[in-house]
Amino acid sequence: MQTAPSSTSVTRRQLLQQILAVALVYAVLGRLSLLLAIPPGYSIAIYPPAGIALGVVLTGGYRLLPGVAAGALFANLLINFEISGGLLDTSAWIASSAVAIGAMLQAAAGCRMVRHFLQDDLSLGTDKRIFQFFFYGALVACLINASIGVLTLATLNIVPWPEFTNNWIAWWTGDTFGVLTITPIVMVIFGKPRAIWHARRWSVMLPLFVCLLLVVTAFTFTRYREEQKQQLEFRLKAERVGQSLQNRLDSHSDIMRNVERLYASSNQVERSEFATFVSHTIANQKAISFLAWVPKVMQSQRESFEVSVLREGFANFQILEMNERQSLDEARIRDEYYPVKYIEPFISNHQFFGYDMGSSVLRRNAIEDARDSGHLTVTDPLTSLEASDLQLHVLLFAPVYEHGKPLENIEQRRTAFSGTAVSMLRMGALVKDNLASEDLKNLSVKFYDLSYPGKKGVFLDDIAEIDNRYLFQSTINFGGRQYAFLAQPSSEYWKSHVAWITWITMIGGLLFTGLLGAYLLVATAHTYGIENLVAQRTTQLHDSEERLRTILDNAAEGILTTDEYGVIESANQSAEILLKYTHDSLLGLNMLNLFPDPDSRMLLVRHLTSSSLGMSFEETGKSDREEVMAIKKDGHEVPVELAITRVKLGQKILLVIIMHDLSEKKRVEKLKTEFVSAVSHELRTPLTSIRGVLGLLVGGVAGEIPGKAHTMLVMANDNATRLTTLINDLLDFEKLEYGSMQFHLETQQLDELVQNTIQSNLGYAQNFGVDIRYKLLAERALPVRVDSQRFTQVLSNLLSNAVKFSRENGRVDVTISANINYARIEVQDYGIGISEAFKSSIFQKFTQEDAKAARKYAGTGLGLSLSKTMIEKMGGEIGFHSEEGQGSVFFIILPLESSAASTPSLTEL
């Protein structure tokens, strides 16, 4: 048998459950609070968990603080997990732990200050206490976590120090509004004294909840509209910048085409002519590192080409290429070369002079693509030949063909190809040059080659973290390649584009909600005070009347008051009961109607006549007590003794009539009924109270009891239980014996009766460690015609016997079977069984197998006798089978309703 858990373990389990519940609620509300964040960051105008934390600590005590800390830790870890994309570094753990400690300290300090200044009076019954509650619990206490949290975030460089003040104000505001709006709701649900806070559930909690819901709804709608507006505004700006970038690149393509046309329209372009032609373009296009002319030189032409450049005054000129040491060296022999002949500006790019563009695979492929397609071609992202310049750039090649030659196919273009115009573009610088000063502050951009999504193809990247809500993306086409342009608002943009209407909506709504809560608390406090005062005054005003009314209502004698004409003005409860009238139904009747016999009327008329003649009290005085016959409302007469007194209240004369019931003959005529009533009321009721008190003492309600005293109390309780059972059995037996027990026979479903009876006896069986098992063998309904109360009494008696006589941790089987005409209920135990010598007398009155058994199993010897009589009165049979040491089977056989004889619904036995 399992032992019941101690009160200490139960308390610890409940405390753990409460702590876990607080942690769960805090964490869930903390995560849901992000739904109220105002873009672009996670600024929250209201943080409900702060109100939850203070409320639960105020109502549940400091023992719930671990739940606050755990909930805050989990909520902040979850937020960091989402922000970081699934990674929690050391900074996230440190920050979350610090915020959790701050939340716990804030709740503890708020509770301490509120209880100190309110002197532990949490009823908030005055304006001053309500003000102190919100001042210390919200405005002051919320300084703690705002300071700890923001200071920690700034120390860990999660929040920039210049943003410290703004973040601190936002944090403090969110916690403060959380306390102002949520803590009163928590107090209504859990606060004490319950009488006051429970009364505020409709007047405070419901309006606060509805108002808060409306504020959140308005905020959500306003935020959505503002987000749509901001997204549209930013998209238009980003589209403008993207289109401007496309136009800038297109203009550079036009520049290269102009250079190409210069060569296509002239047989010979001198170096000075080339410099003059491109100088203006280079001066106005800062992103262009150089513009160059790169002719095609065959191996057979190499020597003459080098000589022609040397004649221009460039000593030591030769065609160069990059060697393994990443320095320029004489180009190796190959079929064709693409050396840089003209380059501007020359001074800053002289190192490229003579460099064979065809010596690099990437550059040669781009040149050949331009040659074969006849279009401008851009290389893959490249690094500069200068080791100090790490910025990525591209080379743009514009093919130049000999004038007059056909260019209809690749072979013709290859034959006519004479060289290419080349420009080097620093793409990152080009993008930044395209941005106005305002765009540089407001936009974070990323520009990269779509063929190289990694870092190798990124020309510019100012975006620290992608925000898909405000990310703009477009594709830029340039030189036969595609580039991605991404833009999103920068921190400077949000500083100049604050959604003030969203903040105003939220702050204004929350401020109104907080003030509404304070007002409702003040109003309910005043109402409660006025109600108490009115109740006190009403009690004082009606105290004397209530005392008099109480005396009259609780008087054993019937008391009537009438006016001088005999009209009844008041009647106490005893008079109404005596005359069988309902409450206040005697009022307005003439008292002569209550006394129909002539003698009674003569007596009453004499008193009424004295009142109508205005005789003084000395002349009339008080009447002697006289016996008269009164008539009840049901027409039956009752002998009473009257005492009539005439009193004067001011100018009004009243008759006070006291009636004493003289119906002693009912007690004489029904002496046996009086005996049963006396036993029932004078013995059973006090004995039940005694047994209840003894049971409570044995159960430990009065604390620990010494061992010997406890043993004596257990003995007294057992004997009181036996005596109660004996009295009940005696009463039932007397009723059966003298025919006063009534059986109300009704059609019942047998299986339902049996199951209900088993259910009501499970507790008794558990006390003995016995398991009751039920089995229904019939597959159809089993209607029987029985008195459900008496049948339950019989089956309960059989079950209790089976449980008592079972072995410890045993079981009792209850089985229902049926044939066409009868149903059979069996109660089988596996206990001590019945000896052969006792089987013949088991259904006799006051019989048990031996005295020791009576003491051990606390029986009266009447239960089975009563059960047999009751079952037989209901048309059934009862019997048993038993084997000593193996257990017993008691069975009840009842006729099914379809086969039962017709029986009156109410039978008096």
# chains A, B, ... in the order shown; residues from 1 in each chain; ligands from 1
call {"tool": "select_by_dssp", "arguments": {"residues": "stretch 9-134 of chain A", "states": "strand (DSSP E or B)", "output": "ChimeraX atom specification"}}
result
/A:37-38,43-44
call {"tool": "residues_around", "arguments": {"residues": "A:Arg469", "least_positions_apart": "3", "cutoff": "12 Å", "atoms": "only C-alpha atoms", "output": "ChimeraX atom specification"}}
result
/A:39-41,224,227-228,230-232,234-235,465-466,472-473,487-489
call {"tool": "write_last_selection", "arguments": {"atoms": "N, CA and C atoms", "output": "compact mmCIF listing (two decimals), in the first residue's frame"}}
result
# COMPACT_ATOMS: atom_id res chain seq x y z
N PRO A 39 9.36 49.24 -35.68
CA PRO A 39 10.50 49.17 -36.59
C PRO A 39 11.36 50.43 -36.47
N PRO A 40 12.68 50.29 -36.78
CA PRO A 40 13.28 49.10 -37.40
C PRO A 40 13.83 48.10 -36.39
N GLY A 41 13.99 48.49 -35.14
CA GLY A 41 14.62 47.63 -34.15
C GLY A 41 13.60 46.88 -33.34
N TYR A 224 1.14 48.93 -39.06
CA TYR A 224 1.07 48.33 -40.39
C TYR A 224 1.01 49.41 -41.46
N GLU A 227 4.41 51.09 -41.65
CA GLU A 227 5.38 50.22 -42.31
C GLU A 227 5.18 50.23 -43.82
N GLN A 228 3.91 50.14 -44.25
CA GLN A 228 3.64 50.19 -45.68
C GLN A 228 4.11 51.51 -46.28
N GLN A 230 6.48 53.53 -45.05
CA GLN A 230 7.95 53.59 -45.04
C GLN A 230 8.55 52.70 -46.11
N GLN A 231 7.98 51.51 -46.27
CA GLN A 231 8.50 50.61 -47.28
C GLN A 231 8.35 51.20 -48.68
N LEU A 232 7.18 51.80 -48.94
CA LEU A 232 6.96 52.42 -50.24
C LEU A 232 7.91 53.60 -50.46
N PHE A 234 10.83 54.13 -49.03
CA PHE A 234 12.20 53.67 -49.21
C PHE A 234 12.38 52.99 -50.57
N ARG A 235 11.39 52.24 -50.97
CA ARG A 235 11.51 51.55 -52.27
C ARG A 235 11.65 52.56 -53.41
N GLU A 465 23.59 43.55 -41.55
CA GLU A 465 22.63 42.46 -41.33
C GLU A 465 21.42 42.70 -42.23
N ILE A 466 21.04 41.67 -42.96
CA ILE A 466 19.92 41.81 -43.90
C ILE A 466 18.61 41.88 -43.14
N PHE A 472 15.70 46.22 -50.60
CA PHE A 472 15.41 46.46 -52.02
C PHE A 472 16.47 45.75 -52.86
N GLN A 473 16.03 45.05 -53.91
CA GLN A 473 16.94 44.33 -54.77
C GLN A 473 16.60 44.64 -56.23
N ALA A 487 19.83 47.38 -51.35
CA ALA A 487 19.81 48.57 -50.50
C ALA A 487 18.80 48.39 -49.38
N GLN A 488 19.14 48.89 -48.22
CA GLN A 488 18.20 48.90 -47.09
C GLN A 488 18.50 50.12 -46.23
N PRO A 489 17.52 50.54 -45.41
CA PRO A 489 17.72 51.76 -44.62
C PRO A 489 18.88 51.61 -43.63
call {"tool": "atom_distance", "arguments": {"atom1": "atom CA of A:Phe805", "atom2": "atom CA of A:Leu696"}}
result
25.9 Å
call {"tool": "closest_residue", "arguments": {"among": "A:Gln14, A:Gln793, A:Gln246, A:Ser360", "to": "A:Tyr483", "atoms": "only C-alpha atoms"}}
result
A:Gln246
call {"tool": "atom_distance", "arguments": {"atom1": "atom CA of A:Gly102", "atom2": "atom CA of A:Asn145"}}
result
4.5 Å
call {"tool": "atom_distance", "arguments": {"atom1": "atom CA of A:Tyr342", "atom2": "atom CA of A:Glu368"}}
result
19.7 Å
call {"tool": "select_by_dssp", "arguments": {"residues": "stretch 177-219 of chain A", "states": "alpha helix (DSSP H)", "output": "ChimeraX atom specification"}}
result
/A:177-190,194-199,206-219
call {"tool": "residues_around", "arguments": {"residues": "stretch 633-647 of chain A", "least_positions_apart": "3", "cutoff": "6 Å", "atoms": "only C-alpha atoms", "output": "list in words"}}
result
Lys580, Lys622, Ser623, Arg625, Glu626, Glu627, Val628, Met629, Ala630, Ile653, Leu654, Leu655, Val656, Ile657, Ile658, Met659, His660, Asp661 and Leu662 of chain A
call {"tool": "write_last_selection", "arguments": {"atoms": "N, CA and C atoms", "output": "PDB file, in the first residue's frame"}}
result
ATOM      1  N   LYS A 580     -49.595  26.067  10.031  1.00  0.00           N
ATOM      2  CA  LYS A 580     -49.365  25.554   8.680  1.00  0.00           C
ATOM      3  C   LYS A 580     -49.518  26.630   7.588  1.00  0.00           C
ATOM      4  N   LYS A 622     -54.318  41.954  31.918  1.00  0.00           N
ATOM      5  CA  LYS A 622     -53.907  40.798  31.111  1.00  0.00           C
ATOM      6  C   LYS A 622     -54.862  39.661  31.353  1.00  0.00           C
ATOM      7  N   SER A 623     -55.115  38.927  30.336  1.00  0.00           N
ATOM      8  CA  SER A 623     -56.048  37.812  30.453  1.00  0.00           C
ATOM      9  C   SER A 623     -55.332  36.598  31.009  1.00  0.00           C
ATOM     10  N   ARG A 625     -54.472  32.540  31.011  1.00  0.00           N
ATOM     11  CA  ARG A 625     -54.217  31.593  29.937  1.00  0.00           C
ATOM     12  C   ARG A 625     -55.431  30.678  29.790  1.00  0.00           C
ATOM     13  N   GLU A 626     -55.883  30.525  28.556  1.00  0.00           N
ATOM     14  CA  GLU A 626     -57.058  29.704  28.298  1.00  0.00           C
ATOM     15  C   GLU A 626     -56.795  28.788  27.102  1.00  0.00           C
ATOM     16  N   GLU A 627     -57.393  27.586  27.218  1.00  0.00           N
ATOM     17  CA  GLU A 627     -57.242  26.620  26.140  1.00  0.00           C
ATOM     18  C   GLU A 627     -58.359  26.793  25.127  1.00  0.00           C
ATOM     19  N   VAL A 628     -57.986  26.881  23.875  1.00  0.00           N
ATOM     20  CA  VAL A 628     -58.953  27.020  22.786  1.00  0.00           C
ATOM     21  C   VAL A 628     -58.525  26.104  21.647  1.00  0.00           C
ATOM     22  N   MET A 629     -59.407  25.979  20.663  1.00  0.00           N
ATOM     23  CA  MET A 629     -59.100  25.177  19.468  1.00  0.00           C
ATOM     24  C   MET A 629     -58.829  26.120  18.298  1.00  0.00           C
ATOM     25  N   ALA A 630     -57.666  25.972  17.708  1.00  0.00           N
ATOM     26  CA  ALA A 630     -57.315  26.738  16.512  1.00  0.00           C
ATOM     27  C   ALA A 630     -57.420  25.838  15.294  1.00  0.00           C
ATOM     28  N   ILE A 653     -53.332  50.885  19.510  1.00  0.00           N
ATOM     29  CA  ILE A 653     -53.507  49.773  20.445  1.00  0.00           C
ATOM     30  C   ILE A 653     -53.288  48.472  19.692  1.00  0.00           C
ATOM     31  N   LEU A 654     -52.470  47.593  20.269  1.00  0.00           N
ATOM     32  CA  LEU A 654     -52.174  46.294  19.676  1.00  0.00           C
ATOM     33  C   LEU A 654     -52.548  45.190  20.643  1.00  0.00           C
ATOM     34  N   LEU A 655     -52.911  44.072  20.072  1.00  0.00           N
ATOM     35  CA  LEU A 655     -53.135  42.868  20.862  1.00  0.00           C
ATOM     36  C   LEU A 655     -51.987  41.908  20.588  1.00  0.00           C
ATOM     37  N   VAL A 656     -51.331  41.434  21.629  1.00  0.00           N
ATOM     38  CA  VAL A 656     -50.249  40.463  21.523  1.00  0.00           C
ATOM     39  C   VAL A 656     -50.796  39.121  21.983  1.00  0.00           C
ATOM     40  N   ILE A 657     -50.804  38.154  21.089  1.00  0.00           N
ATOM     41  CA  ILE A 657     -51.391  36.846  21.356  1.00  0.00           C
ATOM     42  C   ILE A 657     -50.272  35.803  21.327  1.00  0.00           C
ATOM     43  N   ILE A 658     -50.119  35.097  22.455  1.00  0.00           N
ATOM     44  CA  ILE A 658     -49.110  34.043  22.553  1.00  0.00           C
ATOM     45  C   ILE A 658     -49.836  32.716  22.545  1.00  0.00           C
ATOM     46  N   MET A 659     -49.407  31.796  21.593  1.00  0.00           N
ATOM     47  CA  MET A 659     -50.062  30.502  21.439  1.00  0.00           C
ATOM     48  C   MET A 659     -49.076  29.392  21.820  1.00  0.00           C
ATOM     49  N   HIS A 660     -49.575  28.499  22.675  1.00  0.00           N
ATOM     50  CA  HIS A 660     -48.764  27.339  23.064  1.00  0.00           C
ATOM     51  C   HIS A 660     -49.464  26.077  22.593  1.00  0.00           C
ATOM     52  N   ASP A 661     -48.742  25.219  21.846  1.00  0.00           N
ATOM     53  CA  ASP A 661     -49.304  23.996  21.277  1.00  0.00           C
ATOM     54  C   ASP A 661     -49.540  22.965  22.386  1.00  0.00           C
ATOM     55  N   LEU A 662     -50.757  22.427  22.406  1.00  0.00           N
ATOM     56  CA  LEU A 662     -51.113  21.428  23.411  1.00  0.00           C
ATOM     57  C   LEU A 662     -51.320  20.051  22.799  1.00  0.00           C
TER      58      LEU A 662
END
call {"tool": "residues_around", "arguments": {"residues": "A:Leu58", "least_positions_apart": "4", "cutoff": "9 Å", "atoms": "only C-alpha atoms", "output": "list in words"}}
result
Ala53, Leu54, Tyr62, Ala107, Ala108, Gly110, Cys111, Arg112, Val114, Arg115, Leu122, Met187 and Gly191 of chain A
call {"tool": "closest_residue", "arguments": {"among": "A:Leu245, A:Leu697, A:Ile568, A:Ala818", "to": "A:Ala436", "atoms": "only C-alpha atoms"}}
result
A:Leu245
call {"tool": "residues_around", "arguments": {"residues": "A:Met357", "least_positions_apart": "5", "cutoff": "6 Å", "atoms": "only C-alpha atoms", "output": "list in words"}}
result
Tyr338, Pro339 and Arg363 of chain A
call {"tool": "residues_around", "arguments": {"residues": "stretch 748-760 of chain A", "least_positions_apart": "3", "cutoff": "10 Å", "atoms": "only C-alpha atoms", "output": "PyMOL selection string"}}
result
chain A and resi 745+763-765+772-776+778+781-789+791-796+799+814-816+823-825+894+896-897
call {"tool": "write_last_selection", "arguments": {"atoms": "C-alpha atoms", "output": "PDB file, in the first residue's frame"}}
result
ATOM      1  CA  LEU A 745     -40.461   1.486  -6.604  1.00  0.00           C
ATOM      2  CA  GLY A 763     -13.126   5.495  -0.717  1.00  0.00           C
ATOM      3  CA  TYR A 764     -14.118   2.973   1.952  1.00  0.00           C
ATOM      4  CA  ALA A 765     -12.338   0.205   0.031  1.00  0.00           C
ATOM      5  CA  ILE A 772     -13.237  -3.304  -6.319  1.00  0.00           C
ATOM      6  CA  ARG A 773     -13.640  -4.693  -9.828  1.00  0.00           C
ATOM      7  CA  TYR A 774     -16.833  -4.612 -11.848  1.00  0.00           C
ATOM      8  CA  LYS A 775     -17.890  -6.855 -14.715  1.00  0.00           C
ATOM      9  CA  LEU A 776     -21.132  -6.870 -16.747  1.00  0.00           C
ATOM     10  CA  ALA A 778     -25.148  -9.213 -20.015  1.00  0.00           C
ATOM     11  CA  ALA A 781     -30.312  -3.392 -20.867  1.00  0.00           C
ATOM     12  CA  LEU A 782     -31.416  -4.758 -17.480  1.00  0.00           C
ATOM     13  CA  PRO A 783     -34.436  -2.756 -16.246  1.00  0.00           C
ATOM     14  CA  VAL A 784     -35.539  -3.629 -12.706  1.00  0.00           C
ATOM     15  CA  ARG A 785     -38.252  -2.159 -10.531  1.00  0.00           C
ATOM     16  CA  VAL A 786     -36.694  -1.248  -7.192  1.00  0.00           C
ATOM     17  CA  ASP A 787     -36.367   1.532  -4.664  1.00  0.00           C
ATOM     18  CA  SER A 788     -32.972   2.916  -5.709  1.00  0.00           C
ATOM     19  CA  GLN A 789     -32.133   4.212  -2.223  1.00  0.00           C
ATOM     20  CA  PHE A 791     -31.163  -1.141  -3.172  1.00  0.00           C
ATOM     21  CA  THR A 792     -28.066   1.031  -2.849  1.00  0.00           C
ATOM     22  CA  GLN A 793     -28.201   0.531   0.931  1.00  0.00           C
ATOM     23  CA  VAL A 794     -28.325  -3.264   0.515  1.00  0.00           C
ATOM     24  CA  LEU A 795     -25.518  -3.415  -2.074  1.00  0.00           C
ATOM     25  CA  SER A 796     -23.372  -1.010  -0.005  1.00  0.00           C
ATOM     26  CA  LEU A 799     -19.689  -4.353  -0.444  1.00  0.00           C
ATOM     27  CA  VAL A 814     -18.863  -7.446  -8.573  1.00  0.00           C
ATOM     28  CA  THR A 815     -20.538  -9.299 -11.446  1.00  0.00           C
ATOM     29  CA  ILE A 816     -23.932  -8.860 -13.154  1.00  0.00           C
ATOM     30  CA  ALA A 823     -30.844 -10.535 -13.171  1.00  0.00           C
ATOM     31  CA  ARG A 824     -28.201 -11.736 -10.735  1.00  0.00           C
ATOM     32  CA  ILE A 825     -25.726  -9.504  -8.888  1.00  0.00           C
ATOM     33  CA  LEU A 894     -34.161  -9.491  -9.040  1.00  0.00           C
ATOM     34  CA  LEU A 896     -36.470  -7.973 -14.771  1.00  0.00           C
ATOM     35  CA  GLU A 897     -39.251  -5.471 -15.394  1.00  0.00           C
TER      36      GLU A 897
END
call {"tool": "decode", "arguments": {"residues": "stretch 313-375 of chain A", "atoms": "C-alpha atoms", "output": "PDB file, in the first residue's frame"}}
result
ATOM      1  CA  GLY A 313      60.609  58.614 -77.216  1.00  0.00           C
ATOM      2  CA  PHE A 314      59.773  55.786 -74.813  1.00  0.00           C
ATOM      3  CA  ALA A 315      63.152  54.252 -74.117  1.00  0.00           C
ATOM      4  CA  ASN A 316      63.397  50.586 -73.222  1.00  0.00           C
ATOM      5  CA  PHE A 317      59.763  49.937 -74.292  1.00  0.00           C
ATOM      6  CA  GLN A 318      58.833  46.316 -74.777  1.00  0.00           C
ATOM      7  CA  ILE A 319      55.773  44.094 -74.467  1.00  0.00           C
ATOM      8  CA  LEU A 320      55.486  42.893 -70.842  1.00  0.00           C
ATOM      9  CA  GLU A 321      53.702  40.207 -68.849  1.00  0.00           C
ATOM     10  CA  MET A 322      53.382  39.234 -65.169  1.00  0.00           C
ATOM     11  CA  ASN A 323      55.928  36.640 -64.047  1.00  0.00           C
ATOM     12  CA  GLU A 324      55.706  34.169 -61.181  1.00  0.00           C
ATOM     13  CA  ARG A 325      57.140  36.763 -58.750  1.00  0.00           C
ATOM     14  CA  GLN A 326      54.171  39.014 -59.537  1.00  0.00           C
ATOM     15  CA  SER A 327      56.380  41.570 -61.264  1.00  0.00           C
ATOM     16  CA  LEU A 328      56.448  42.673 -64.932  1.00  0.00           C
ATOM     17  CA  ASP A 329      58.872  41.006 -67.255  1.00  0.00           C
ATOM     18  CA  GLU A 330      59.396  40.659 -71.026  1.00  0.00           C
ATOM     19  CA  ALA A 331      56.495  38.802 -72.612  1.00  0.00           C
ATOM     20  CA  ARG A 332      57.096  35.320 -73.855  1.00  0.00           C
ATOM     21  CA  ILE A 333      56.630  34.378 -77.484  1.00  0.00           C
ATOM     22  CA  ARG A 334      53.028  33.734 -78.496  1.00  0.00           C
ATOM     23  CA  ASP A 335      50.969  34.097 -81.683  1.00  0.00           C
ATOM     24  CA  GLU A 336      49.377  37.425 -80.813  1.00  0.00           C
ATOM     25  CA  TYR A 337      49.687  40.141 -78.217  1.00  0.00           C
ATOM     26  CA  TYR A 338      47.382  42.812 -76.838  1.00  0.00           C
ATOM     27  CA  PRO A 339      49.806  45.380 -75.370  1.00  0.00           C
ATOM     28  CA  VAL A 340      48.718  48.680 -73.789  1.00  0.00           C
ATOM     29  CA  LYS A 341      49.919  51.329 -76.263  1.00  0.00           C
ATOM     30  CA  TYR A 342      47.998  54.411 -75.131  1.00  0.00           C
ATOM     31  CA  ILE A 343      46.859  54.895 -71.531  1.00  0.00           C
ATOM     32  CA  GLU A 344      45.459  57.925 -69.781  1.00  0.00           C
ATOM     33  CA  PRO A 345      46.193  59.273 -67.295  1.00  0.00           C
ATOM     34  CA  PHE A 346      49.666  58.065 -68.094  1.00  0.00           C
ATOM     35  CA  ILE A 347      51.558  59.217 -65.027  1.00  0.00           C
ATOM     36  CA  SER A 348      49.426  57.331 -62.500  1.00  0.00           C
ATOM     37  CA  ASN A 349      49.151  54.244 -64.719  1.00  0.00           C
ATOM     38  CA  HIS A 350      52.583  54.072 -66.397  1.00  0.00           C
ATOM     39  CA  GLN A 351      53.166  50.613 -64.898  1.00  0.00           C
ATOM     40  CA  PHE A 352      50.507  49.261 -67.284  1.00  0.00           C
ATOM     41  CA  PHE A 353      52.294  50.751 -70.334  1.00  0.00           C
ATOM     42  CA  GLY A 354      53.246  47.870 -72.617  1.00  0.00           C
ATOM     43  CA  TYR A 355      51.450  45.264 -70.481  1.00  0.00           C
ATOM     44  CA  ASP A 356      50.043  42.450 -72.608  1.00  0.00           C
ATOM     45  CA  MET A 357      46.365  42.136 -71.732  1.00  0.00           C
ATOM     46  CA  GLY A 358      46.370  38.793 -73.489  1.00  0.00           C
ATOM     47  CA  SER A 359      48.919  37.351 -71.055  1.00  0.00           C
ATOM     48  CA  SER A 360      46.090  36.895 -68.482  1.00  0.00           C
ATOM     49  CA  VAL A 361      43.519  34.227 -69.259  1.00  0.00           C
ATOM     50  CA  LEU A 362      40.634  36.290 -67.814  1.00  0.00           C
ATOM     51  CA  ARG A 363      41.570  39.390 -69.785  1.00  0.00           C
ATOM     52  CA  ARG A 364      42.280  37.481 -73.002  1.00  0.00           C
ATOM     53  CA  ASN A 365      38.907  35.675 -72.777  1.00  0.00           C
ATOM     54  CA  ALA A 366      37.113  39.000 -72.318  1.00  0.00           C
ATOM     55  CA  ILE A 367      38.948  40.483 -75.322  1.00  0.00           C
ATOM     56  CA  GLU A 368      38.088  37.497 -77.468  1.00  0.00           C
ATOM     57  CA  ASP A 369      34.424  37.617 -76.351  1.00  0.00           C
ATOM     58  CA  ALA A 370      34.268  41.270 -77.337  1.00  0.00           C
ATOM     59  CA  ARG A 371      36.008  40.505 -80.653  1.00  0.00           C
ATOM     60  CA  ASP A 372      33.666  37.651 -81.552  1.00  0.00           C
ATOM     61  CA  SER A 373      30.406  39.293 -80.378  1.00  0.00           C
ATOM     62  CA  GLY A 374      31.093  42.844 -81.476  1.00  0.00           C
ATOM     63  CA  HIS A 375      29.726  44.086 -78.137  1.00  0.00           C
TER      64      HIS A 375
END
